>>> print(open('upload_28.tsv').read())   # TSV, C-alpha atoms
chain	number	residue	atom	x	y	z
A	1	MET	CA	0.00	0.00	0.00
A	2	LYS	CA	2.79	2.32	0.97
A	3	ILE	CA	4.57	1.56	-2.23
A	4	ILE	CA	1.45	2.42	-4.23
A	5	LYS	CA	1.03	5.74	-2.35
A	6	LYS	CA	4.66	6.62	-2.88
A	7	GLY	CA	4.42	5.72	-6.55
A	8	MET	CA	1.31	7.91	-6.94
A	9	ARG	CA	3.09	10.89	-5.36
A	10	VAL	CA	6.10	10.48	-7.63
A	11	TRP	CA	3.83	10.08	-10.66
A	12	ILE	CA	1.75	13.21	-9.80
A	13	THR	CA	4.90	15.25	-9.16
A	14	ALA	CA	6.51	14.11	-12.39
A	15	ALA	CA	3.32	14.70	-14.40
A	16	SER	CA	2.90	18.23	-12.94
A	17	LEU	CA	6.50	19.11	-13.63
A	18	PHE	CA	6.23	17.77	-17.19
A	19	SER	CA	2.99	19.69	-17.84
A	20	PHE	CA	4.53	22.90	-16.49
A	21	LEU	CA	7.60	22.54	-18.73
A	22	VAL	CA	5.49	21.74	-21.81
A	23	GLY	CA	3.34	24.80	-21.15
A	24	TRP	CA	6.40	27.02	-20.65
A	25	ILE	CA	7.95	25.88	-23.93
A	26	PHE	CA	4.65	26.28	-25.78
A	27	PHE	CA	4.06	29.88	-24.67
A	28	ALA	CA	7.71	30.83	-25.04
A	29	HIS	CA	7.60	29.87	-28.73
A	30	ALA	CA	4.13	31.18	-29.48
A	31	ASN	CA	3.69	34.21	-31.86
A	32	LYS	CA	3.72	37.60	-30.16
A	33	PRO	CA	0.38	39.47	-30.23
A	34	ALA	CA	0.12	41.94	-33.16
A	35	SER	CA	0.28	45.63	-32.20
A	36	LEU	CA	-2.95	47.55	-32.56
A	37	GLN	CA	-3.40	49.77	-35.60
A	38	VAL	CA	-4.39	53.19	-34.33
A	39	SER	CA	-6.66	55.06	-36.68
A	40	GLN	CA	-5.22	58.21	-38.19
A	41	PRO	CA	-6.21	61.31	-36.30
A	42	THR	CA	-8.15	64.07	-37.99
A	43	VAL	CA	-9.06	66.48	-35.42
A	44	SER	CA	-11.63	67.93	-33.15
A	45	ALA	CA	-10.45	68.96	-29.74
A	46	PRO	CA	-6.99	69.75	-28.49
A	47	ALA	CA	-5.27	67.30	-26.23
A	48	GLN	CA	-4.44	68.40	-22.73
A	49	ASN	CA	-0.84	69.17	-21.84
A	50	GLN	CA	-0.10	71.01	-25.04
A	51	THR	CA	3.52	71.78	-25.53
A	52	VAL	CA	4.48	74.18	-28.26
A	53	ARG	CA	7.73	74.07	-30.11
A	54	SER	CA	9.61	77.34	-30.19
A	55	PHE	CA	10.39	78.82	-33.59
A	56	ASN	CA	12.61	81.49	-32.15
A	57	ASN	CA	15.40	79.20	-31.07
A	58	ASN	CA	17.56	76.68	-32.85
A	59	SER	CA	15.58	73.60	-31.93
A	60	GLN	CA	15.35	70.95	-34.64
A	61	THR	CA	12.04	69.92	-36.05
A	62	GLY	CA	10.84	67.29	-33.65
A	63	SER	CA	7.53	65.81	-32.66
A	64	PHE	CA	4.50	67.91	-33.32
A	65	PRO	CA	3.46	70.10	-30.46
A	66	PHE	CA	-0.13	69.08	-30.13
A	67	SER	CA	-2.69	66.89	-31.81
A	68	PHE	CA	-6.41	66.45	-32.19
A	69	GLN	CA	-8.70	63.45	-32.15
A	70	SER	CA	-10.42	62.07	-35.22
A	71	GLN	CA	-13.90	63.44	-34.70
A	72	SER	CA	-15.50	66.20	-36.64
A	73	GLN	CA	-16.78	69.30	-34.95
A	74	SER	CA	-20.50	69.12	-34.31
A	75	PHE	CA	-20.69	72.90	-34.58
A	76	SER	CA	-19.41	74.81	-37.60
A	77	PRO	CA	-19.12	78.60	-37.47
A	78	ARG	CA	-20.34	80.67	-40.43
A	79	LEU	CA	-16.78	81.87	-40.97
A	80	ARG	CA	-14.48	79.06	-42.07
A	81	THR	CA	-10.93	79.00	-43.38
A	82	GLY	CA	-9.44	76.15	-45.35
A	83	GLY	CA	-7.45	77.44	-48.26
A	84	SER	CA	-8.28	79.16	-51.46
B	1	MET	CA	-24.93	89.60	-36.71
B	2	HIS	CA	-26.26	89.84	-40.28
B	3	TYR	CA	-24.83	87.74	-43.10
B	4	ASP	CA	-24.68	87.87	-46.90
B	5	GLU	CA	-23.24	84.93	-48.83
B	6	PHE	CA	-22.52	84.59	-52.55
B	7	GLN	CA	-19.98	83.29	-55.06
B	8	ALA	CA	-17.24	85.46	-56.56
B	9	MET	CA	-13.56	85.03	-57.49
B	10	ASN	CA	-14.22	81.25	-57.79
B	11	SER	CA	-14.76	81.27	-54.02
B	12	ALA	CA	-17.54	81.38	-51.45
B	13	ILE	CA	-17.81	84.92	-50.08
B	14	VAL	CA	-19.29	85.60	-46.63
B	15	LEU	CA	-20.01	89.11	-45.42
B	16	ALA	CA	-20.90	89.58	-41.74
B	17	ALA	CA	-21.87	92.86	-40.11
B	18	SER	CA	-23.49	93.88	-36.85
B	19	GLY	CA	-25.73	96.91	-36.47
B	20	ASN	CA	-29.24	97.90	-35.48
B	21	ASP	CA	-30.40	99.40	-38.76
B	22	LEU	CA	-31.06	96.54	-41.17
B	23	ALA	CA	-31.56	98.87	-44.14
B	24	VAL	CA	-28.12	100.39	-43.59
B	25	ILE	CA	-26.54	96.95	-43.28
B	26	LYS	CA	-28.23	95.81	-46.50
B	27	SER	CA	-26.96	98.84	-48.39
B	28	GLY	CA	-23.50	98.12	-46.97
B	29	PHE	CA	-23.70	94.56	-48.28
B	30	SER	CA	-24.75	95.86	-51.74
B	31	LEU	CA	-21.78	98.22	-51.85
B	32	ALA	CA	-19.47	95.42	-50.70
B	33	ARG	CA	-20.75	93.09	-53.44
B	34	MET	CA	-20.25	95.80	-56.03
B	35	PHE	CA	-16.68	96.42	-54.86
B	36	ILE	CA	-15.86	92.69	-54.90
B	37	ASN	CA	-17.28	92.21	-58.40
B	38	GLN	CA	-15.41	95.24	-59.76
B	39	SER	CA	-12.19	94.05	-58.12
B	40	GLU	CA	-12.61	90.57	-59.57
B	41	GLU	CA	-12.94	92.07	-63.06
B	42	ARG	CA	-9.74	94.04	-62.44
B	43	PHE	CA	-7.55	91.26	-61.02
B	44	THR	CA	-8.72	88.13	-62.86
B	45	ARG	CA	-6.33	86.45	-65.28
B	46	PHE	CA	-9.11	84.51	-66.97
B	47	THR	CA	-10.42	87.31	-69.19
B	48	ASP	CA	-8.43	89.17	-71.84
B	49	SER	CA	-9.97	92.50	-70.93
B	50	SER	CA	-8.99	92.63	-67.23
B	51	GLU	CA	-6.39	95.13	-66.10
B	52	LEU	CA	-4.15	92.24	-65.04
B	53	ALA	CA	-4.32	90.69	-68.53
B	54	ARG	CA	-3.41	94.05	-70.07
B	55	LEU	CA	-0.54	94.45	-67.60
B	56	ASN	CA	0.81	91.01	-68.56
B	57	ARG	CA	0.60	91.89	-72.27
B	58	SER	CA	2.58	95.08	-71.58
B	59	ALA	CA	5.68	93.28	-70.23
B	60	GLY	CA	8.79	95.07	-71.43
B	61	GLU	CA	7.03	98.44	-71.59
B	62	TRP	CA	5.76	100.86	-68.94
B	63	PHE	CA	2.09	100.31	-68.05
B	64	GLN	CA	-0.23	102.89	-66.50
B	65	ALA	CA	-1.88	101.06	-63.58
B	66	SER	CA	-4.95	101.98	-61.55
B	67	LEU	CA	-4.44	102.95	-57.91
B	68	GLU	CA	-5.85	99.57	-56.79
B	69	MET	CA	-3.57	97.57	-59.09
B	70	PHE	CA	-0.57	99.66	-58.06
B	71	GLN	CA	-1.27	99.12	-54.35
B	72	VAL	CA	-1.45	95.33	-54.78
B	73	LEU	CA	1.70	95.24	-56.93
B	74	GLU	CA	3.60	97.39	-54.45
B	75	GLU	CA	2.55	95.14	-51.56
B	76	ALA	CA	3.41	92.06	-53.61
B	77	ARG	CA	6.92	93.35	-54.33
B	78	ARG	CA	7.47	94.28	-50.66
B	79	LEU	CA	6.45	90.78	-49.56
B	80	ALA	CA	8.51	89.15	-52.32
B	81	MET	CA	11.55	90.97	-50.95
B	82	GLU	CA	10.67	90.16	-47.33
B	83	THR	CA	10.39	86.43	-48.14
B	84	ASN	CA	13.58	86.38	-50.23
B	85	GLY	CA	11.63	85.63	-53.38
B	86	LEU	CA	9.74	82.60	-52.05
B	87	PHE	CA	6.59	84.58	-52.63
B	88	ASN	CA	6.72	85.15	-56.36
B	89	PRO	CA	3.63	86.16	-58.36
B	90	ALA	CA	5.62	85.70	-61.59
B	91	ILE	CA	4.87	81.96	-61.61
B	92	LEU	CA	2.02	82.36	-64.12
B	93	PRO	CA	3.85	80.68	-67.08
B	94	VAL	CA	4.50	77.64	-64.86
B	95	LEU	CA	0.88	77.51	-63.70
B	96	LYS	CA	-0.32	77.64	-67.31
B	97	GLN	CA	2.06	74.91	-68.42
B	98	ALA	CA	0.92	72.77	-65.48
B	99	GLY	CA	-2.61	73.03	-66.89
B	100	TYR	CA	-4.05	75.82	-64.73
B	101	ASP	CA	-4.84	77.95	-67.77
B	102	ARG	CA	-8.60	78.18	-67.19
B	103	SER	CA	-10.78	78.68	-64.14
B	104	MET	CA	-10.75	75.80	-61.66
B	105	GLU	CA	-14.41	75.08	-62.42
B	106	GLU	CA	-13.60	74.50	-66.11
B	107	ILE	CA	-10.55	72.37	-65.27
B	108	LYS	CA	-12.49	70.11	-62.92
B	109	ASN	CA	-15.16	69.55	-65.57
B	110	SER	CA	-12.66	68.52	-68.26
B	111	PRO	CA	-10.50	65.39	-68.64
B	112	ASP	CA	-6.76	65.08	-68.03
B	113	ARG	CA	-4.85	66.87	-70.80
B	114	MET	CA	-1.36	66.43	-72.17
B	115	GLY	CA	1.06	69.30	-72.71
B	116	PRO	CA	4.74	70.29	-72.78
B	117	THR	CA	6.81	69.23	-69.80
B	118	SER	CA	9.95	71.36	-70.22
B	119	VAL	CA	11.07	73.21	-67.08
B	120	ILE	CA	10.29	76.92	-67.16
B	121	GLU	CA	12.57	79.23	-65.24
B	122	VAL	CA	10.50	81.53	-63.04
B	123	GLN	CA	11.40	85.20	-63.37
B	124	ASP	CA	12.13	87.20	-60.21
B	125	PHE	CA	9.17	89.42	-59.32
B	126	ARG	CA	11.45	91.64	-57.24
B	127	LEU	CA	12.75	93.06	-60.53
B	128	VAL	CA	9.42	94.76	-61.26
B	129	GLN	CA	9.78	98.55	-61.39
B	130	LEU	CA	7.11	100.75	-59.80
B	131	ASP	CA	6.78	104.52	-60.09
B	132	ARG	CA	4.88	105.76	-57.05
B	133	GLU	CA	4.22	109.21	-58.43
B	134	THR	CA	2.63	108.15	-61.70
B	135	HIS	CA	1.51	104.61	-60.75
B	136	ALA	CA	3.38	103.30	-63.76
B	137	VAL	CA	4.60	99.69	-63.73
B	138	LEU	CA	7.33	97.99	-65.73
B	139	LEU	CA	7.28	94.19	-65.86
B	140	PRO	CA	10.52	92.75	-67.25
B	141	LEU	CA	10.17	91.36	-70.77
B	142	GLY	CA	8.47	87.95	-70.74
B	143	MET	CA	7.22	88.21	-67.15
B	144	GLN	CA	3.60	87.24	-66.47
B	145	VAL	CA	2.06	87.58	-63.05
B	146	ASP	CA	-0.82	85.93	-61.23
B	147	LEU	CA	-2.14	88.02	-58.34
B	148	GLY	CA	-4.89	85.52	-57.40
B	149	GLY	CA	-4.13	84.95	-53.73
B	150	ILE	CA	-2.73	88.31	-52.68
B	151	ALA	CA	-5.45	90.16	-54.59
B	152	LYS	CA	-8.12	88.09	-52.84
B	153	GLY	CA	-6.64	89.01	-49.45
B	154	TRP	CA	-6.43	92.67	-50.43
B	155	ILE	CA	-10.05	92.64	-51.65
B	156	ALA	CA	-11.24	90.99	-48.40
B	157	GLU	CA	-9.51	93.64	-46.30
B	158	GLN	CA	-10.67	96.59	-48.40
B	159	THR	CA	-14.24	95.27	-48.39
B	160	ALA	CA	-14.17	94.85	-44.60
B	161	ARG	CA	-12.89	98.40	-44.17
B	162	LEU	CA	-15.74	99.56	-46.40
B	163	LEU	CA	-18.31	97.66	-44.32
B	164	ALA	CA	-16.78	98.97	-41.10
B	165	LYS	CA	-18.02	102.43	-42.03
B	166	ILE	CA	-21.61	101.30	-41.42
B	167	ALA	CA	-21.18	98.41	-38.97
B	168	LYS	CA	-19.96	98.21	-35.37
B	169	ALA	CA	-18.19	94.96	-36.14
B	170	CYS	CA	-17.80	93.13	-39.43
B	171	ALA	CA	-16.00	90.35	-41.23
B	172	VAL	CA	-15.33	89.49	-44.85
B	173	ASN	CA	-14.37	85.96	-45.82
B	174	ALA	CA	-13.21	85.44	-49.40
B	175	GLY	CA	-12.66	81.71	-49.76
B	176	GLY	CA	-10.72	81.40	-46.52
B	177	ASP	CA	-8.94	84.77	-46.70
B	178	MET	CA	-10.71	86.90	-44.13
B	179	PHE	CA	-10.49	90.22	-42.39
B	180	LEU	CA	-12.17	90.84	-39.04
B	181	VAL	CA	-12.92	94.34	-37.75
B	182	ASN	CA	-13.74	94.90	-34.05
B	183	LEU	CA	-15.60	92.23	-32.07
B	184	PRO	CA	-19.25	91.12	-32.16
B	185	GLU	CA	-21.18	92.63	-29.25
B	186	GLY	CA	-20.57	90.75	-26.00
B	187	GLU	CA	-17.88	88.54	-27.53
B	188	THR	CA	-14.19	88.38	-26.78
B	189	SER	CA	-13.23	86.83	-30.12
B	190	TRP	CA	-14.49	85.75	-33.55
B	191	GLU	CA	-15.27	82.08	-34.07
B	192	VAL	CA	-13.62	80.66	-37.18
B	193	GLY	CA	-13.84	77.04	-38.29
B	194	LEU	CA	-10.50	75.51	-39.29
B	195	GLU	CA	-11.29	73.21	-42.22
B	196	ASN	CA	-9.87	69.71	-42.26
B	197	PRO	CA	-7.74	69.67	-45.46
B	198	LEU	CA	-8.52	65.95	-45.85
B	199	GLU	CA	-12.27	66.39	-45.34
B	200	PRO	CA	-13.10	69.99	-46.27
B	201	GLU	CA	-16.75	69.61	-45.29
B	202	HIS	CA	-15.64	69.13	-41.68
B	203	ASP	CA	-13.77	71.41	-39.33
B	204	LEU	CA	-10.72	70.33	-37.38
B	205	ALA	CA	-11.34	72.87	-34.67
B	206	VAL	CA	-13.09	76.09	-33.88
B	207	LEU	CA	-10.56	78.87	-33.57
B	208	HIS	CA	-11.28	81.87	-31.37
B	209	VAL	CA	-9.54	84.69	-33.16
B	210	LYS	CA	-8.85	88.31	-32.35
B	211	PRO	CA	-9.57	91.04	-34.93
B	212	GLY	CA	-7.15	91.15	-37.87
B	213	ALA	CA	-6.59	88.90	-40.86
B	214	VAL	CA	-6.76	85.12	-41.17
B	215	ALA	CA	-5.73	83.24	-44.31
B	216	THR	CA	-5.20	79.59	-45.14
B	217	SER	CA	-3.26	78.03	-47.99
B	218	ALA	CA	-3.79	74.36	-48.77
B	219	ILE	CA	-2.43	72.01	-51.40
B	220	THR	CA	-5.60	69.92	-51.28
B	221	LYS	CA	-8.08	72.53	-52.47
B	222	ARG	CA	-7.10	73.26	-56.07
B	223	GLN	CA	-5.85	70.01	-57.55
B	224	TRP	CA	-6.13	68.68	-61.07
B	225	LYS	CA	-4.52	66.12	-63.36
B	226	HIS	CA	-2.18	67.11	-66.17
B	227	ASN	CA	0.05	64.79	-68.18
B	228	GLY	CA	-1.30	62.02	-65.95
B	229	GLN	CA	0.04	63.61	-62.79
B	230	VAL	CA	-1.76	65.32	-59.93
B	231	GLN	CA	-0.91	69.03	-59.82
B	232	HIS	CA	-1.76	71.72	-57.29
B	233	HIS	CA	-1.68	75.48	-57.58
B	234	LEU	CA	1.06	76.24	-55.06
B	235	ILE	CA	4.13	76.58	-57.25
B	236	ASP	CA	7.56	76.53	-55.62
B	237	PRO	CA	9.44	79.24	-57.55
B	238	ARG	CA	12.75	77.50	-56.78
B	239	SER	CA	11.80	74.32	-58.68
B	240	GLY	CA	9.16	75.70	-61.04
B	241	LYS	CA	6.84	72.84	-60.04
B	242	SER	CA	3.97	72.21	-57.63
B	243	ALA	CA	5.52	72.50	-54.16
B	244	GLU	CA	6.48	69.29	-52.40
B	245	THR	CA	5.74	69.88	-48.74
B	246	ASP	CA	5.01	67.85	-45.62
B	247	TRP	CA	2.16	70.14	-44.69
B	248	LEU	CA	-1.32	70.08	-46.19
B	249	SER	CA	-2.41	73.49	-45.03
B	250	VAL	CA	-1.14	76.51	-43.13
B	251	THR	CA	-3.35	79.10	-41.47
B	252	VAL	CA	-1.82	82.46	-40.57
B	253	TRP	CA	-3.06	85.36	-38.47
B	254	ALA	CA	-1.56	88.77	-39.33
B	255	GLU	CA	-2.49	92.40	-39.08
B	256	SER	CA	-3.07	92.70	-42.83
B	257	ALA	CA	-4.83	90.25	-45.14
B	258	THR	CA	-2.10	90.43	-47.78
B	259	GLU	CA	0.53	89.43	-45.20
B	260	ALA	CA	-1.64	86.59	-43.86
B	261	GLU	CA	-2.23	85.28	-47.38
B	262	VAL	CA	1.40	85.50	-48.46
B	263	TYR	CA	2.83	83.99	-45.27
B	264	ALA	CA	0.31	81.12	-45.38
B	265	LYS	CA	1.58	80.40	-48.88
B	266	VAL	CA	5.33	80.65	-48.23
B	267	LEU	CA	5.20	78.73	-44.95
B	268	LEU	CA	3.32	75.94	-46.72
B	269	ILE	CA	5.90	75.88	-49.53
B	270	ALA	CA	8.79	76.03	-47.04
B	271	GLY	CA	7.39	73.17	-44.92
B	272	PRO	CA	8.26	72.38	-41.29
B	273	ILE	CA	12.02	72.91	-41.56
B	274	GLY	CA	12.04	75.86	-43.93
B	275	ALA	CA	9.31	77.56	-41.90
B	276	GLU	CA	11.66	77.88	-38.98
B	277	GLY	CA	13.98	80.28	-40.80
B	278	MET	CA	11.12	81.95	-42.61
B	279	TYR	CA	9.29	82.68	-39.39
B	280	LYS	CA	12.13	84.33	-37.50
B	281	ASN	CA	11.44	87.95	-36.56
B	282	GLN	CA	7.78	87.55	-37.50
B	283	ASN	CA	6.32	87.70	-34.01
B	284	SER	CA	3.41	89.85	-35.16
B	285	LYS	CA	2.10	86.81	-37.03
B	286	ALA	CA	1.08	83.38	-35.81
B	287	TYR	CA	0.38	80.16	-37.64
B	288	LEU	CA	-1.15	76.71	-37.37
B	289	ALA	CA	-0.10	74.00	-39.85
B	290	VAL	CA	-1.79	70.66	-40.56
B	291	ASP	CA	0.39	67.80	-41.77
B	292	LYS	CA	-0.43	64.76	-43.93
B	293	HIS	CA	-1.40	62.70	-40.88
B	294	GLY	CA	-3.82	65.26	-39.52
B	295	TRP	CA	-1.46	66.55	-36.83
B	296	VAL	CA	-1.47	70.25	-36.12
B	297	GLN	CA	1.60	72.30	-35.39
B	298	GLY	CA	1.63	75.88	-34.14
B	299	SER	CA	4.10	78.71	-33.88
B	300	ASP	CA	5.15	79.45	-30.31
B	301	ASN	CA	2.91	82.51	-30.22
B	302	TYR	CA	-0.15	80.83	-31.75
B	303	HIS	CA	-2.06	81.06	-28.44
B	304	GLU	CA	-1.91	84.85	-28.58
B	305	VAL	CA	-4.38	84.88	-31.46
B	306	PHE	CA	-5.76	81.37	-31.92
B	307	HIS	CA	-7.62	79.78	-29.02
B	308	VAL	CA	-8.57	76.23	-30.05
>>> encode(input="upload_28.tsv", output="structure tokens")
Amino acid sequence: MKIIKKGMRVWITAASLFSFLVGWIFFAHANKPASLQVSQPTVSAPAQNQTVRSFNNNSQTGSFPFSFQSQSQSFSPRLRTGGS
Amino acid sequence: MHYDEFQAMNSAIVLAASGNDLAVIKSGFSLARMFINQSEERFTRFTDSSELARLNRSAGEWFQASLEMFQVLEEARRLAMETNGLFNPAILPVLKQAGYDRSMEEIKNSPDRMGPTSVIEVQDFRLVQLDRETHAVLLPLGMQVDLGGIAKGWIAEQTARLLAKIAKACAVNAGGDMFLVNLPEGETSWEVGLENPLEPEHDLAVLHVKPGAVATSAITKRQWKHNGQVQHHLIDPRSGKSAETDWLSVTVWAESATEAEVYAKVLLIAGPIGAEGMYKNQNSKAYLAVDKHGWVQGSDNYHEVFHV
């Protein structure tokens, strides 16, 4: 009886260890999740924390100073400017 | 606020004026329309009888200009000098060769055409001679000028100044070139929609603008196909071709409409890197630029005039 119990313990331990290792190897070699495609912004409201690049110093052209989200304005003034 | 809207200069015109006497406002709108129509006849390059067409035919000889034409030419030469020639109204031969030889309405209703592709060297508009006393003008031989944009800005400002004689506050918008006089009653700014250059029927933002001039130049508005290639009307005088720029549109605030119009154009042609040098010592102006991805960039003083 004791031998059977001992054998069961060894078998359960070995099976657990084997399952853990198989799982580890499987996930380690699995494909990485694809990065999300963020839709291109067109603009409605300014983001908070706007930082504005100075054009009076010698800074190089870097990231754009502020951006807008891709929703249209629900309200359009009578006066609009967009290029002639 | 009372409004009057109509089409002129191949653009949507909006007149806005505040005042208590509606009859006076209406007569002001009639005068403004008359002035705009007369100015269009003077400055258009699409009729042979306009003063501009006659000026272009006179190249190489002195031409007696009207006061209005002389004022626009004088301002154009001043701004050409100030921008080191990047603003150059003498690009007309290039525009014509690129297919912009008729009104934009006619071009958009006709198929792609083929034409010569040789590179045309753009003459330097700064070489134009102007006689202030007699209002005589001498274009160098072979030079042809297009005053489309700067004339539209000048007309918007002059019309607004005309309306201001009968209105407490007024605005004139000529296809995106606008001049704002005083403030609507109870307001601290004018509301101006900033068009999305990728979706012109939608606004990117509502700008709250102080009185003065606002103008936008965009490469997406006047496009057509010629020799199988997409062309736009903003010619880079350095290359003699449609400007290649990372920006889609630039909106400028300035004290005068001609300055706003010209700086919107040259900043757009110069692009993000060139704009840096171009914009130095121009603190009386402010700009917002929209790039190809819909991102907006502003000059460091943009918040002084544009509240988004």
>>> interface_residues(input="upload_28.tsv", of="chain B", to="chain A", cutoff="8 Å", atoms="only C-alpha atoms", output="ChimeraX atom specification")
/B:11,14,149,173,175-178,191-197,200,202-206,214-218,221-222,249,251,272-273,276,279-281,293-300,308
>>> residues_around(input="upload_28.tsv", residues="Pro140 of chain B", least_positions_apart="6", cutoff="9 Å", atoms="only C-alpha atoms", output="JSON, numbers by chain")
{"B": [59, 60, 61, 123, 125, 127, 128, 129]}
>>> atom_distance(input="upload_28.tsv", atom1="atom CA of Gly240 of chain B", atom2="atom CA of Glu261 of chain B")
20.2 Å
>>> atom_distance(input="upload_28.tsv", atom1="atom CA of Leu55 of chain B", atom2="atom CA of Ile155 of chain B")
18.7 Å
>>> closest_residue(input="upload_28.tsv", among="B:Glu185, B:Asp236, B:Glu51, B:Glu5", to="Ala167 of chain B", atoms="all atoms listed in the file")
B:Glu185
>>> closest_residue(input="upload_28.tsv", among="B:Val181, B:His208, B:Gly115, B:Val24", to="Ala156 of chain B", atoms="all atoms listed in the file")
B:Val181
>>> atom_distance(input="upload_28.tsv", atom1="atom CA of Phe29 of chain B", atom2="atom CA of His2 of chain B")
9.6 Å
>>> residues_around(input="upload_28.tsv", residues="Val145 of chain B", least_positions_apart="5", cutoff="6 Å", atoms="all atoms listed in the file", output="PyMOL selection string")
chain B and resi 89-90+92
